[in-house]
Amino acid sequence: MAVLSHRMVMRLYTGRCAPVAVNVECRYQTEDPYAVELHFPAEHPAATDWVFARELLADGLRAAAGEGDVRVEPADEAATLITFGHIGQGFVLLEAPTGELNEFLTRTFDRVPPGAETQLVEWPADITSLLDE
């Protein structure tokens, strides 16, 4: 299993207070090749790990993407917005530097190109037999 990580500063908006700069670690693990993870430091009040589709992050760098609890969209050329939850029902909004997100994604695509994820997943035998048919 390979793990790629990249730390960056993002602005956190919770809707309850002024935005706060937080250090976020973006992670990608070949053990879960379809997902990316955003990890907050344990000392931060919003400390948690958010896991969502790598493809969603890539799509959201170009245009608004996602439905439901995770949405990603460009704010402008320099920033990307990542929203977790639903506005009006409790949400967290991150403003991330687009260039750094692109660098992180490029590294993940170098490690596991889009479309090659299935080669890394250890499917149960019954599913493997269905896929082979």
# chains A, B, ... in the order shown; residues from 1 in each chain; ligands from 1

call {"tool": "residues_around", "arguments": {"residues": "Leu4 in chain A", "least_positions_apart": "5", "cutoff": "8 Å", "atoms": "only C-alpha atoms", "output": "ChimeraX atom specification"}}
result
/A:27-29,107-108

call {"tool": "write_last_selection", "arguments": {"atoms": "N, CA, C and O atoms", "output": "CSV table (one decimal), in the first residue's frame"}}
result
chain,number,residue,atom,x,y,z
A,27,ARG,N,-4.8,13.2,1.7
A,27,ARG,CA,-4.2,11.9,1.6
A,27,ARG,C,-4.8,11.1,0.5
A,27,ARG,O,-6.0,11.2,0.2
A,28,TYR,N,-4.0,10.2,-0.1
A,28,TYR,CA,-4.4,9.2,-1.1
A,28,TYR,C,-3.7,7.9,-0.8
A,28,TYR,O,-2.5,7.9,-0.6
A,29,GLN,N,-4.5,6.9,-0.7
A,29,GLN,CA,-4.0,5.5,-0.4
A,29,GLN,C,-4.3,4.6,-1.5
A,29,GLN,O,-5.5,4.5,-1.9
A,107,ARG,N,-0.2,13.9,-8.6
A,107,ARG,CA,0.6,12.9,-7.9
A,107,ARG,C,-0.2,11.6,-7.8
A,107,ARG,O,0.3,10.5,-8.0
A,108,THR,N,-1.5,11.7,-7.4
A,108,THR,CA,-2.3,10.5,-7.3
A,108,THR,C,-2.5,9.9,-8.7
A,108,THR,O,-2.5,8.7,-8.8

call {"tool": "atom_distance", "arguments": {"atom1": "CA of Ala78 in chain A", "atom2": "CA of Glu100 in chain A"}}
result
9.6 Å

call {"tool": "closest_residue", "arguments": {"among": "A:Ala63, A:Pro74, A:Leu94, A:Val3", "to": "Ala35 in chain A", "atoms": "only C-alpha atoms"}}
result
A:Val3

call {"tool": "closest_residue", "arguments": {"among": "A:Gly60, A:Asn102, A:Thr30, A:Val20", "to": "Met1 in chain A", "atoms": "only C-alpha atoms"}}
result
A:Thr30

call {"tool": "residues_around", "arguments": {"residues": "Asn23 in chain A", "least_positions_apart": "6", "cutoff": "7 Å", "atoms": "only C-alpha atoms", "output": "CSV table (one decimal) with all heavy atoms, in the first residue's frame"}}
result
chain,number,residue,atom,x,y,z
A,7,ARG,N,0.3,18.5,2.6
A,7,ARG,CA,-0.3,19.5,3.6
A,7,ARG,C,-0.5,20.8,3.0
A,7,ARG,O,0.4,21.3,2.2
A,7,ARG,CB,0.6,19.6,4.8
A,7,ARG,CG,0.7,18.3,5.7
A,7,ARG,CD,1.5,18.6,6.9
A,7,ARG,NE,1.7,17.3,7.6
A,7,ARG,CZ,0.8,16.8,8.5
A,7,ARG,NH1,-0.3,17.5,8.8
A,7,ARG,NH2,1.0,15.7,9.1
A,8,MET,N,-1.6,21.5,3.3
A,8,MET,CA,-1.8,22.8,2.8
A,8,MET,C,-2.7,23.6,3.8
A,8,MET,O,-3.4,23.0,4.6
A,8,MET,CB,-2.5,22.8,1.4
A,8,MET,CG,-3.9,22.2,1.3
A,8,MET,SD,-4.6,22.1,-0.4
A,8,MET,CE,-3.8,20.7,-1.0
A,9,VAL,N,-2.7,24.9,3.6
A,9,VAL,CA,-3.6,25.7,4.5
A,9,VAL,C,-4.8,26.0,3.7
A,9,VAL,O,-4.8,26.4,2.5
A,9,VAL,CB,-2.8,27.0,4.8
A,9,VAL,CG1,-3.8,28.0,5.6
A,9,VAL,CG2,-1.6,26.7,5.6
A,10,MET,N,-6.0,25.7,4.3
A,10,MET,CA,-7.3,26.0,3.8
A,10,MET,C,-8.0,27.0,4.7
A,10,MET,O,-7.7,27.0,5.9
A,10,MET,CB,-8.1,24.8,3.6
A,10,MET,CG,-7.5,23.8,2.6
A,10,MET,SD,-8.6,22.3,2.4
A,10,MET,CE,-7.6,21.3,1.4
A,40,PHE,N,-7.9,16.8,9.3
A,40,PHE,CA,-7.6,17.9,10.2
A,40,PHE,C,-6.8,17.5,11.4
A,40,PHE,O,-7.0,16.4,11.9
A,40,PHE,CB,-8.9,18.5,10.7
A,40,PHE,CG,-9.6,19.3,9.6
A,40,PHE,CD1,-10.4,18.7,8.6
A,40,PHE,CD2,-9.5,20.7,9.6
A,40,PHE,CE1,-11.0,19.4,7.7
A,40,PHE,CE2,-10.2,21.5,8.6
A,40,PHE,CZ,-10.9,20.8,7.7

call {"tool": "select_by_dssp", "arguments": {"residues": "range 50-123 of chain A", "states": "helix (DSSP H, G or I)", "output": "PyMOL selection string"}}
result
chain A and resi 54-60+98-111+117-119

call {"tool": "write_last_selection", "arguments": {"atoms": "N, CA, C and O atoms", "output": "short mmCIF file (atom, residue, chain, number, x, y, z; two decimals), in the first residue's frame"}}
result
data_model
loop_
_atom_site.label_atom_id
_atom_site.label_comp_id
_atom_site.auth_asym_id
_atom_site.auth_seq_id
_atom_site.Cartn_x
_atom_site.Cartn_y
_atom_site.Cartn_z
N ARG A 54 -12.15 10.64 -5.42
CA ARG A 54 -11.06 11.35 -6.09
C ARG A 54 -11.58 12.00 -7.37
O ARG A 54 -11.23 13.14 -7.70
N GLU A 55 -12.43 11.30 -8.09
CA GLU A 55 -13.01 11.82 -9.32
C GLU A 55 -13.85 13.08 -9.06
O GLU A 55 -13.83 14.02 -9.86
N LEU A 56 -14.54 13.11 -7.93
CA LEU A 56 -15.33 14.30 -7.57
C LEU A 56 -14.40 15.50 -7.38
O LEU A 56 -14.70 16.60 -7.85
N LEU A 57 -13.30 15.30 -6.70
CA LEU A 57 -12.35 16.40 -6.51
C LEU A 57 -11.81 16.87 -7.85
O LEU A 57 -11.77 18.07 -8.12
N ALA A 58 -11.44 15.94 -8.72
CA ALA A 58 -10.91 16.31 -10.04
C ALA A 58 -11.95 17.07 -10.86
O ALA A 58 -11.65 18.10 -11.46
N ASP A 59 -13.19 16.57 -10.87
CA ASP A 59 -14.25 17.24 -11.63
C ASP A 59 -14.53 18.63 -11.06
O ASP A 59 -14.77 19.58 -11.81
N GLY A 60 -14.52 18.75 -9.73
CA GLY A 60 -14.84 20.01 -9.08
C GLY A 60 -13.80 21.10 -9.27
O GLY A 60 -14.07 22.28 -9.03
N THR A 98 -6.31 26.10 -5.35
CA THR A 98 -6.50 25.23 -6.52
C THR A 98 -5.18 24.65 -7.01
O THR A 98 -5.11 23.46 -7.35
N GLY A 99 -4.15 25.45 -7.06
CA GLY A 99 -2.85 24.96 -7.55
C GLY A 99 -2.33 23.79 -6.73
O GLY A 99 -1.84 22.80 -7.29
N GLU A 100 -2.45 23.88 -5.42
CA GLU A 100 -1.97 22.80 -4.56
C GLU A 100 -2.84 21.55 -4.69
O GLU A 100 -2.34 20.42 -4.66
N LEU A 101 -4.16 21.75 -4.84
CA LEU A 101 -5.04 20.59 -5.07
C LEU A 101 -4.68 19.90 -6.38
O LEU A 101 -4.64 18.67 -6.47
N ASN A 102 -4.39 20.70 -7.42
CA ASN A 102 -3.97 20.13 -8.71
C ASN A 102 -2.68 19.33 -8.58
O ASN A 102 -2.54 18.25 -9.16
N GLU A 103 -1.72 19.87 -7.83
CA GLU A 103 -0.45 19.16 -7.62
C GLU A 103 -0.70 17.82 -6.92
O GLU A 103 -0.13 16.79 -7.32
N PHE A 104 -1.52 17.84 -5.89
CA PHE A 104 -1.85 16.62 -5.16
C PHE A 104 -2.51 15.60 -6.09
O PHE A 104 -2.12 14.43 -6.14
N LEU A 105 -3.52 16.04 -6.84
CA LEU A 105 -4.22 15.12 -7.75
C LEU A 105 -3.30 14.57 -8.83
O LEU A 105 -3.38 13.39 -9.17
N THR A 106 -2.42 15.40 -9.35
CA THR A 106 -1.47 14.94 -10.35
C THR A 106 -0.61 13.81 -9.80
O THR A 106 -0.38 12.80 -10.47
N ARG A 107 -0.18 13.95 -8.56
CA ARG A 107 0.62 12.89 -7.92
C ARG A 107 -0.20 11.61 -7.77
O ARG A 107 0.32 10.51 -7.98
N THR A 108 -1.50 11.74 -7.43
CA THR A 108 -2.33 10.53 -7.30
C THR A 108 -2.52 9.88 -8.66
O THR A 108 -2.50 8.65 -8.76
N PHE A 109 -2.72 10.69 -9.71
CA PHE A 109 -2.91 10.14 -11.06
C PHE A 109 -1.62 9.51 -11.59
O PHE A 109 -1.66 8.56 -12.37
N ASP A 110 -0.47 10.06 -11.19
CA ASP A 110 0.81 9.44 -11.57
C ASP A 110 0.93 8.06 -10.93
O ASP A 110 1.45 7.12 -11.54
N ARG A 111 0.45 7.95 -9.70
CA ARG A 111 0.53 6.68 -8.96
C ARG A 111 -0.50 5.67 -9.48
O ARG A 111 -0.18 4.51 -9.72
N GLU A 117 -8.01 2.04 -11.27
CA GLU A 117 -8.31 1.76 -9.86
C GLU A 117 -8.75 0.32 -9.61
O GLU A 117 -8.37 -0.28 -8.60
N THR A 118 -9.54 -0.23 -10.53
CA THR A 118 -10.07 -1.58 -10.32
C THR A 118 -8.97 -2.63 -10.19
O THR A 118 -9.17 -3.65 -9.54
N GLN A 119 -7.81 -2.36 -10.77
CA GLN A 119 -6.70 -3.31 -10.68
C GLN A 119 -6.14 -3.40 -9.26
O GLN A 119 -5.46 -4.37 -8.92
#

call {"tool": "residues_around", "arguments": {"residues": "Ala96 in chain A", "least_positions_apart": "3", "cutoff": "7 Å", "atoms": "only C-alpha atoms", "output": "number ranges by chain"}}
result
A: 10-11, 79-81

call {"tool": "write_last_selection", "arguments": {"atoms": "C-alpha atoms", "output": "CSV table (one decimal), in the first residue's frame"}}
result
chain,number,residue,atom,x,y,z
A,10,MET,CA,-7.3,26.0,3.8
A,11,ARG,CA,-9.8,28.5,5.0
A,79,ALA,CA,-9.4,28.9,-5.0
A,80,THR,CA,-11.7,25.8,-4.9
A,81,LEU,CA,-14.6,25.5,-2.6

call {"tool": "select_by_dssp", "arguments": {"residues": "range 43-87 of chain A", "states": "strand (DSSP E or B)", "output": "list in words"}}
result
Asp49, Trp50, Val51, Phe52, Ala53, Ala65, Val70, Arg71, Val72, Glu73, Pro74, Ala79, Thr80, Leu81, Ile82, Thr83, Phe84 and Gly85 of chain A

call {"tool": "residues_around", "arguments": {"residues": "Leu12 in chain A", "least_positions_apart": "2", "cutoff": "8 Å", "atoms": "only C-alpha atoms", "output": "ChimeraX atom specification"}}
result
/A:10,14,19-22,92-95

call {"tool": "residues_around", "arguments": {"residues": "Glu37 in chain A", "least_positions_apart": "4", "cutoff": "7 Å", "atoms": "only C-alpha atoms", "output": "ChimeraX atom specification"}}
result
/A:26-28,49-52
